[in-house]
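J.: Just so it is clear, I am handing over final.cif, which has mmCIF, C-alpha atoms.
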data_run
loop_
_atom_site.label_atom_id
_atom_site.label_comp_id
_atom_site.auth_asym_id
_atom_site.auth_seq_id
_atom_site.Cartn_x
_atom_site.Cartn_y
_atom_site.Cartn_z
CA GLN Z 5 0.00 0.00 0.00
CA TRP Z 6 1.14 3.54 -0.85
CA LEU Z 7 0.19 6.66 1.17
CA ASN Z 8 0.69 10.24 -0.02
CA PRO Z 9 2.26 13.01 2.16
CA HIS Z 10 -1.20 13.76 3.60
CA ASP Z 11 -1.50 10.11 4.78
CA PHE Z 12 -4.25 9.36 2.27
CA GLY Z 13 -4.12 5.91 0.68
CA ILE Z 14 -3.23 5.95 -3.03
CA PHE Z 15 -3.30 2.23 -3.93
CA LEU Z 16 -3.92 -0.95 -1.94
CA ASN Z 17 -2.43 -3.61 -4.19
CA THR Z 18 -4.00 -2.59 -7.52
CA GLN Z 19 -7.16 -1.10 -6.00
CA ARG Z 20 -7.29 2.69 -6.32
CA ALA Z 21 -7.95 4.37 -2.97
CA LEU Z 22 -7.58 7.99 -4.14
CA ARG Z 23 -9.58 9.66 -6.89
CA ASP Z 24 -6.57 11.59 -8.16
CA GLN Z 25 -6.17 10.19 -11.70
CA ARG Z 26 -2.58 11.41 -11.98
CA TYR Z 27 -1.48 8.32 -10.03
CA LYS Z 28 -1.23 4.99 -11.84
CA VAL Z 29 0.28 1.57 -11.18
CA ILE Z 30 3.24 0.77 -13.39
CA HIS Z 31 4.23 -2.54 -11.79
CA TYR Z 32 2.55 -4.95 -9.36
CA SER Z 33 3.73 -8.30 -8.05
CA LYS Z 34 3.83 -10.23 -4.80
CA ASP Z 35 6.88 -8.30 -3.63
CA GLU Z 36 6.54 -4.97 -5.46
CA LEU Z 37 4.03 -2.16 -6.02
CA SER Z 38 5.37 0.68 -8.18
CA ILE Z 39 3.30 3.76 -8.96
CA GLN Z 40 3.78 6.86 -11.11
CA LEU Z 41 2.60 10.46 -10.68
CA SER Z 42 2.19 12.76 -13.68
CA ASN Z 43 1.66 16.56 -13.95
CA VAL Z 44 3.64 17.13 -10.76
CA THR Z 45 3.25 20.37 -8.78
CA VAL Z 46 5.06 21.73 -5.72
CA HIS Z 47 2.10 20.61 -3.59
CA ASP Z 48 2.95 16.97 -4.35
CA GLU Z 49 6.25 17.07 -2.47
CA GLY Z 50 6.64 15.44 0.92
CA VAL Z 51 7.09 11.99 2.45
CA TYR Z 52 5.44 9.04 0.67
CA LYS Z 53 4.96 5.83 2.68
CA CYS Z 54 4.89 2.22 1.49
CA PHE Z 55 3.49 -0.57 3.71
CA TYR Z 56 4.03 -4.31 3.14
CA TYR Z 57 1.40 -6.34 5.01
CA GLY Z 58 3.24 -9.61 5.34
CA ILE Z 59 5.18 -11.58 7.90
CA PRO Z 60 7.05 -9.71 9.05
CA PHE Z 61 5.37 -6.33 8.46
CA LYS Z 62 7.61 -3.84 6.61
CA SER Z 63 7.41 -0.12 5.83
CA LYS Z 64 9.54 2.40 3.96
CA ASN Z 65 9.42 6.19 3.50
CA LYS Z 66 10.48 8.14 0.44
CA THR Z 67 10.96 11.92 0.52
CA VAL Z 68 10.11 13.70 -2.73
CA GLU Z 69 11.29 17.26 -3.37
CA ILE Z 70 9.79 19.25 -6.24
CA LEU Z 71 11.64 22.02 -8.10
CA ALA Z 72 9.64 24.72 -9.89
CA ALA Z 73 11.41 26.60 -12.69
CA PRO Z 74 11.16 30.41 -12.71
CA SER Z 75 8.96 32.24 -15.16
CA ASN Z 76 10.30 34.28 -18.07
CA PRO Z 77 12.21 37.27 -16.65
CA VAL Z 78 10.60 40.63 -17.39
CA LEU Z 79 12.52 43.91 -17.50
CA GLU Z 80 10.97 47.21 -16.47
CA VAL Z 81 12.62 50.62 -16.77
CA SER Z 82 12.02 53.90 -14.94
CA ARG Z 83 13.81 57.25 -14.67
CA ASP Z 84 13.84 59.39 -11.52
CA ALA Z 85 14.09 63.16 -11.11
CA GLU Z 86 17.89 62.99 -11.11
CA ARG Z 87 17.83 61.33 -14.55
CA SER Z 88 19.28 58.05 -13.30
CA ILE Z 89 17.79 54.88 -14.80
CA THR Z 90 16.44 52.03 -12.66
CA LEU Z 91 16.19 48.59 -14.24
CA SER Z 92 13.99 46.01 -12.54
CA CYS Z 93 14.04 42.29 -13.37
CA TYR Z 94 11.02 40.27 -12.26
CA THR Z 95 10.36 36.52 -12.15
CA HIS Z 96 7.85 34.40 -10.25
CA GLY Z 97 6.56 30.90 -9.59
CA CYS Z 98 9.89 29.25 -8.75
CA LYS Z 99 11.04 26.97 -5.94
CA PRO Z 100 13.49 27.39 -4.34
CA GLN Z 101 14.58 31.03 -4.69
CA PRO Z 102 16.42 31.87 -7.94
CA GLN Z 103 19.67 33.77 -8.40
CA ILE Z 104 19.47 36.98 -10.46
CA THR Z 105 22.49 38.87 -11.76
CA TRP Z 106 23.07 41.70 -14.23
CA LEU Z 107 25.41 41.34 -17.19
CA LEU Z 108 26.72 44.58 -18.68
CA ASP Z 109 27.89 44.89 -22.27
CA ASN Z 110 31.51 45.12 -21.11
CA GLY Z 111 31.34 41.58 -19.69
CA ILE Z 112 31.03 42.54 -16.00
CA GLU Z 113 28.33 40.67 -14.04
CA LEU Z 114 26.79 42.37 -10.97
CA PRO Z 115 24.42 41.03 -8.26
CA GLY Z 116 22.03 44.01 -8.10
CA ASP Z 117 19.56 44.56 -5.25
CA THR Z 118 17.54 41.34 -5.00
CA LYS Z 119 14.39 40.76 -2.91
CA HIS Z 120 12.40 37.52 -2.49
CA LYS Z 121 8.71 37.31 -1.57
CA LEU Z 122 6.83 34.12 -0.73
CA GLU Z 123 3.71 33.69 -2.84
CA ALA Z 124 0.22 32.98 -1.52
CA ASP Z 125 0.54 29.20 -1.90
CA GLY Z 126 3.39 29.22 0.63
CA LYS Z 127 5.63 27.21 -1.69
CA LYS Z 128 6.84 29.33 -4.62
CA TRP Z 129 8.74 32.61 -4.70
CA THR Z 130 8.51 35.93 -6.53
CA THR Z 131 11.91 37.58 -6.99
CA THR Z 132 12.78 41.12 -8.10
CA SER Z 133 16.27 42.50 -8.70
CA THR Z 134 16.97 46.19 -9.38
CA LEU Z 135 19.98 47.95 -10.85
CA THR Z 136 20.46 51.74 -10.82
CA VAL Z 137 22.30 53.18 -13.83
CA LEU Z 138 23.79 56.63 -13.26
CA ALA Z 139 25.01 57.18 -16.83
CA TYR Z 140 25.04 55.22 -20.09
CA GLY Z 141 26.27 55.43 -23.66
CA PRO Z 142 24.08 55.41 -26.78
CA SER Z 143 24.89 51.74 -27.54
CA SER Z 144 24.94 50.45 -23.95
CA THR Z 145 22.98 47.33 -22.98
CA ALA Z 146 22.21 45.51 -19.72
CA SER Z 147 20.93 41.94 -19.37
CA CYS Z 148 19.10 40.27 -16.50
CA ILE Z 149 20.21 36.65 -16.03
CA VAL Z 150 18.19 34.15 -13.96
CA ARG Z 151 19.77 30.92 -12.69
CA HIS Z 152 17.91 28.12 -10.94
CA GLN Z 153 18.39 24.50 -9.91
CA ALA Z 154 15.56 23.37 -12.17
CA LEU Z 155 17.36 24.90 -15.18
CA ARG Z 156 20.62 23.11 -14.37
CA GLU Z 157 23.32 24.70 -16.56
CA GLU Z 158 20.87 26.73 -18.61
CA LYS Z 159 19.88 30.35 -17.97
CA LEU Z 160 16.98 32.69 -18.58
CA MET Z 161 17.86 36.16 -19.88
CA ALA Z 162 16.17 39.45 -20.76
CA SER Z 163 18.12 42.38 -22.24
CA PHE Z 164 17.55 46.12 -22.53
CA ARG Z 165 19.17 48.57 -24.96
CA PHE Z 166 19.58 52.11 -23.68
CA GLU Z 167 19.34 53.54 -27.18
CA ASP Z 168 15.56 53.11 -26.85
CA ILE Z 169 15.48 55.84 -24.18
CA PRO Z 170 15.23 59.44 -25.49
CA ARG Z 171 18.21 61.52 -24.37
CA THR Z 172 18.27 65.22 -23.43
CA ASP Z 173 21.93 65.45 -22.33
CA PRO Z 174 25.28 64.56 -23.98
CA ALA Z 175 26.06 60.83 -23.90
CA PRO Z 176 28.93 59.78 -21.59
CA ALA Z 177 31.73 57.59 -22.79
CA ALA Z 178 30.89 54.67 -20.49
CA LEU Z 179 28.09 52.88 -18.66
CA GLU Z 180 28.12 53.92 -15.01
CA VAL Z 181 26.01 52.02 -12.47
CA ASN Z 182 25.32 52.20 -8.77
CA THR Z 183 26.17 48.80 -7.27
CA HIS Z 184 25.47 49.66 -3.61
CA VAL Z 185 22.89 47.15 -2.30
CA THR Z 186 20.53 48.04 0.56
CA GLU Z 187 18.61 45.25 2.28
CA ASN Z 188 15.78 47.36 3.73
CA GLU Z 189 15.07 49.37 0.59
CA GLN Z 190 11.77 48.58 -1.08
CA SER Z 191 11.59 47.85 -4.81
CA PRO Z 192 10.41 50.89 -6.77
CA ASP Z 193 7.10 51.01 -8.61
CA LEU Z 194 8.13 50.92 -12.23
CA ASN Z 195 6.14 51.71 -15.35
CA SER Z 196 7.74 51.40 -18.77
CA SER Z 197 8.58 49.09 -21.63
CA THR Z 198 9.20 45.37 -21.04
CA ALA Z 199 11.39 42.69 -22.56
CA SER Z 200 11.25 38.96 -21.88
CA ALA Z 201 13.25 35.83 -22.56
CA PRO Z 202 12.08 32.73 -24.46
CA SER Z 203 9.26 30.81 -22.80
CA TYR Z 204 9.97 28.07 -20.21
CA PRO Z 205 7.54 25.65 -18.51
CA GLN Z 206 6.64 26.08 -14.82
CA HIS Z 207 7.49 22.57 -13.59
CA ALA Z 208 10.87 21.14 -12.77
CA ALA Z 209 11.67 19.14 -15.91
CA PRO Z 210 15.11 20.50 -16.86
CA HIS Z 211 15.33 18.67 -20.21
CA GLN Z 212 12.38 20.69 -21.55
CA HIS Z 213 14.16 24.06 -21.28
CA GLN Z 214 16.00 25.66 -24.14
CA PRO Z 215 19.35 27.46 -23.54
CA SER Z 216 19.54 31.20 -24.08
CA LYS Z 217 22.38 33.43 -25.09
CA THR Z 218 23.91 35.33 -22.21
CA SER Z 219 26.42 37.90 -23.44
CA ASN Z 220 26.77 40.85 -25.75
CA PRO Z 221 30.32 42.08 -25.03
CA MET Z 222 31.43 45.59 -26.00
CA SER Z 223 34.98 46.21 -24.87
CA HIS Z 224 34.83 50.02 -25.01
CA LEU Z 225 32.42 50.18 -22.06
CA PHE Z 226 33.35 49.86 -18.41
CA VAL Z 227 31.60 49.87 -15.04
CA LYS Z 228 32.20 52.53 -12.43
CA GLN Z 229 31.11 51.31 -9.02
CA ASN Z 230 29.54 53.88 -6.75
CA GLU Z 231 31.44 53.31 -3.50
CA GLN Z 232 30.47 56.56 -1.78
CA PRO Z 233 27.45 55.15 0.12
CA GLU Z 234 29.56 52.24 1.41
CA GLY Z 235 32.28 54.68 2.56
CA ILE Z 236 29.71 56.80 4.35
CA GLU Z 237 28.32 53.69 6.03
CA LYS Z 238 31.82 52.68 7.22
CA LYS Z 239 32.41 56.21 8.52
CA GLU Z 240 29.15 56.11 10.45
CA ASN Z 241 30.13 52.73 11.93
CA ASN Z 242 33.51 54.16 12.98
CA LEU Z 243 31.80 57.09 14.72
CA LEU Z 244 29.25 54.88 16.44
CA LEU Z 245 31.79 53.02 18.63
CA PRO Z 246 33.27 56.16 20.35
CA ILE Z 247 29.75 57.48 20.96
CA LEU Z 248 28.71 54.23 22.64
CA VAL Z 249 31.89 54.20 24.78
CA ALA Z 250 31.31 57.83 25.82
CA ALA Z 251 27.69 57.07 26.72
CA LEU Z 252 28.78 54.06 28.79
CA ILE Z 253 31.39 56.14 30.66
CA PHE Z 254 28.78 58.85 31.34
CA VAL Z 255 26.32 56.30 32.75
CA LEU Z 256 29.02 54.81 34.99
CA LEU Z 257 29.99 58.31 36.20
CA VAL Z 258 26.38 59.10 37.09
CA ILE Z 259 26.11 55.82 39.01
CA VAL Z 260 29.33 56.57 40.95
CA LEU Z 261 28.14 60.11 41.79
CA LEU Z 262 24.80 58.82 43.04
CA PHE Z 263 26.58 56.19 45.12
CA MET Z 264 28.95 58.78 46.63
CA ARG Z 265 26.04 61.09 47.43
CA LYS Z 266 24.14 58.28 49.13
CA LEU Z 267 27.28 57.24 51.04
CA LYS Z 268 27.88 60.83 52.18
CA LYS Z 269 24.30 61.13 53.39
CA ALA Z 270 24.56 57.84 55.29
CA HIS Z 271 27.83 59.02 56.86
CA ALA Z 272 26.18 62.28 58.02
CA VAL Z 273 23.32 60.35 59.64
CA TRP Z 274 25.79 58.01 61.34
CA LYS Z 275 27.83 60.98 62.61
CA ARG Z 276 24.75 62.69 64.07
CA GLU Z 277 23.70 59.48 65.80
CA ASN Z 278 27.20 59.12 67.35
CA GLU Z 279 27.14 62.74 68.56
CA VAL Z 280 23.74 62.23 70.22
CA SER Z 281 24.99 59.01 71.77
CA ASP Z 282 28.13 60.74 73.13
CA GLN Z 283 26.09 63.60 74.59
CA THR Z 284 23.79 61.09 76.33
CA VAL Z 285 26.75 59.25 77.84
CA GLU Z 286 28.37 62.51 79.07
CA SER Z 287 25.05 63.65 80.58
CA TYR Z 288 24.67 60.33 82.36
CA LYS Z 289 28.22 60.49 83.75
CA SER Z 290 27.71 64.08 84.94
CA LYS Z 291 24.52 63.16 86.72
CA SER Z 292 26.19 60.17 88.34
CA ASN Z 293 29.02 62.37 89.60
CA GLU Z 294 26.56 64.84 91.09
CA ASP Z 295 24.74 62.06 92.96
CA SER Z 296 27.91 60.45 94.37
CA PRO Z 297 28.82 63.08 97.15
CA GLY Z 298 25.31 63.00 98.60
CA ASN Z 299 25.47 59.28 98.97
CA GLU Z 300 28.85 59.49 100.80
CA LYS Z 301 27.45 62.05 103.35
CA ASN Z 302 24.48 59.88 104.12
CA GLY Z 303 26.83 57.03 104.84
#
Could the structure of this file be written out as structure tokens, please?
T.:
Amino acid sequence: QWLNPHDFGIFLNTQRALRDQRYKVIHYSKDELSIQLSNVTVHDEGVYKCFYYGIPFKSKNKTVEILAAPSNPVLEVSRDAERSITLSCYTHGCKPQPQITWLLDNGIELPGDTKHKLEADGKKWTTTSTLTVLAYGPSSTASCIVRHQALREEKLMASFRFEDIPRTDPAPAALEVNTHVTENEQSPDLNSSTASAPSYPQHAAPHQHQPSKTSNPMSHLFVKQNEQPEGIEKKENNLLLPILVAALIFVLLVIVLLFMRKLKKAHAVWKRENEVSDQTVESYKSKSNEDSPGNEKNG
């Protein structure tokens, strides 16, 4: 007998116990029951159990993991008030999370700012990667490359040519991009033209994918990394440590001052109590001395 990951019976010998027609028996004998599942989805993964009702009783578990290939990558382009260009590469429906990089026309490959979001089914992921371009030449291009386990050695790619963007300022001699990645920054809302790669199926059958071309080298372009934000971040981190040390010293100083003040106050109270005690003893001795002569006369 076979049970699915939800502990529902699939087959008992050759008798179907589950209405799901995607399951079928491919081999049955006294010592073997082999089944096949077609049109697999990510919801079919889990632990399948096989029970042998004989003497002795035997059971075996088989863990099945499903890979879902990413969808065709889509490129979106937007321009902000400072005339920098933001490229956004979007893919969805994959499991596990894909890897997205950016290939420039000078052969340099950059990671970009990548964010993953779990989809409503709780299994597959939507991934967006953004790249900010500060300046570009008239023949510059940038390509979004998606890699995933289900694709094996193959890649999905979508490219954008900057010559499609109308220019109002002189063209620079090189493609300049901002490669500083921020984890807490939200992906921008982009509205513009789109470009996509050749179509790929959504399930994890790697042999059904077609390879795509991944480079368009142009040696006269180069990448200038924007390191200023990272330098500012390091400077802020260097300033943070002395501030924390100074704050700690100030707190300790306040504690010591409060302790000294309390100790001084306790000392004053103790001193007053000793003075009162000494005065009482001296008064008692004086009174005793005054009473002593009278007692001697009476004797």
J.: Given all atoms listed in the file as the basis, pick out the residue of Z:Cys148, Z:Val285, Z:Val46, Z:Ile59 nearest to Thr105 (chain Z).
T.: Z:Cys148
J.: With distances taken over all atoms listed in the file, which residue among Z:Glu123, Z:Ala139, Z:Lys128, Z:Asp84 lies nearest Thr45 (chain Z)?
T.: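 So, comparing all the options, the nearest one is Z:Lys128.
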J.: Please enumerate the residues selected by the PyMOL selection byres ((chain Z and resi 67) around 6) when evaluated against the supplied file, formatted as a CSV table (one decimal) with C-alpha atoms, keeping the file's coordinate frame.
T.:
chain,number,residue,atom,x,y,z
Z,50,GLY,CA,6.6,15.4,0.9
Z,51,VAL,CA,7.1,12.0,2.4
Z,66,LYS,CA,10.5,8.1,0.4
Z,68,VAL,CA,10.1,13.7,-2.7
J.: Which one is closest to Asn65 (chain Z): Z:Asn43, Z:Asn8, Z:Gln25, Z:Ser92? Count only C-alpha atoms.
T.: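 Using only C-alpha atoms, the shortest distance to Asn65 (chain Z) belongs to Z:Asn8.
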J.: Kindly resolve the PyMOL selection byres ((chain Z and resi 114) around 10) on the present coordinates and return the residues as an MDAnalysis selection string.
T.: chainID Z and resid 104:108 111:113 115:117 135 148 181 183 227
J.: For Thr18 (chain Z), please output as a JSON list (two decimals) with C-alpha atoms, in the frame of the given file all residues within 10 Å (counting all atoms listed in the file; exclusion window: fewer than 6 positions along the same chain).
T.:
[["chain", "number", "residue", "atom", "x", "y", "z"],
["Z", 5, "GLN", "CA", 0.00, 0.00, 0.00],
["Z", 28, "LYS", "CA", -1.23, 4.99, -11.84],
["Z", 29, "VAL", "CA", 0.28, 1.57, -11.18],
["Z", 30, "ILE", "CA", 3.24, 0.77, -13.39],
["Z", 31, "HIS", "CA", 4.23, -2.54, -11.79],
["Z", 32, "TYR", "CA", 2.55, -4.95, -9.36],
["Z", 33, "SER", "CA", 3.73, -8.30, -8.05],
["Z", 37, "LEU", "CA", 4.03, -2.16, -6.02],
["Z", 38, "SER", "CA", 5.37, 0.68, -8.18],
["Z", 39, "ILE", "CA", 3.30, 3.76, -8.96]]
J.: With distances taken over all atoms listed in the file, which of Z:Ser163, Z:Ser88, Z:Asn242, Z:Ser42 is nearest to Leu138 (chain Z)?
T.: Z:Ser88
J.: For CA of Ile14 (chain Z) and CA of Phe61 (chain Z), quote the distance in Å rounded to one decimal.
T.: 18.9 Å
J.: Would you pick out the contacts of Ser143 (chain Z) at 8 Å or less, using all atoms listed in the file, so that residues sharing its chain but fewer than 4 positions from it are not included, and give the list as a list of chain:residue names?
T.: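 Contacts, with the query itself left out: Z:Arg165, Z:Phe166, Z:Glu167.
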J.: Quick one, how far is CA of Gln283 (chain Z) from CA of Ala270 (chain Z)?
T.: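 Straight-line distance from CA of Gln283 (chain Z) to CA of Ala270 (chain Z) works out to 20.2 Å.
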J.: Quick check, in Å to one decimal: how far apart do CA of Glu158 (chain Z) and CA of Ala72 (chain Z) lie?
T.: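 We find that CA of Glu158 (chain Z) and CA of Ala72 (chain Z) lie 14.4 Å from each other.
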J.: I'd like the contact shell of Leu7 (chain Z) - 10 Å cut-off, all atoms listed in the file, skipping same-chain residues fewer than 3 positions apart - returned as a PyMOL selection string.
T.: chain Z and resi 10-16+21-22+51-55+65
J.: Go ahead and fit an axis-aligned box to every listed atom of region 74-81 of chain Z plus 3 Å each side, and pass me the centre and edge lengths in Å, one decimal, as lines of an AutoDock Vina configuration file.
T.:
center_x = 10.8
center_y = 40.5
center_z = -15.4
size_x = 9.7
size_y = 26.2
size_z = 11.4
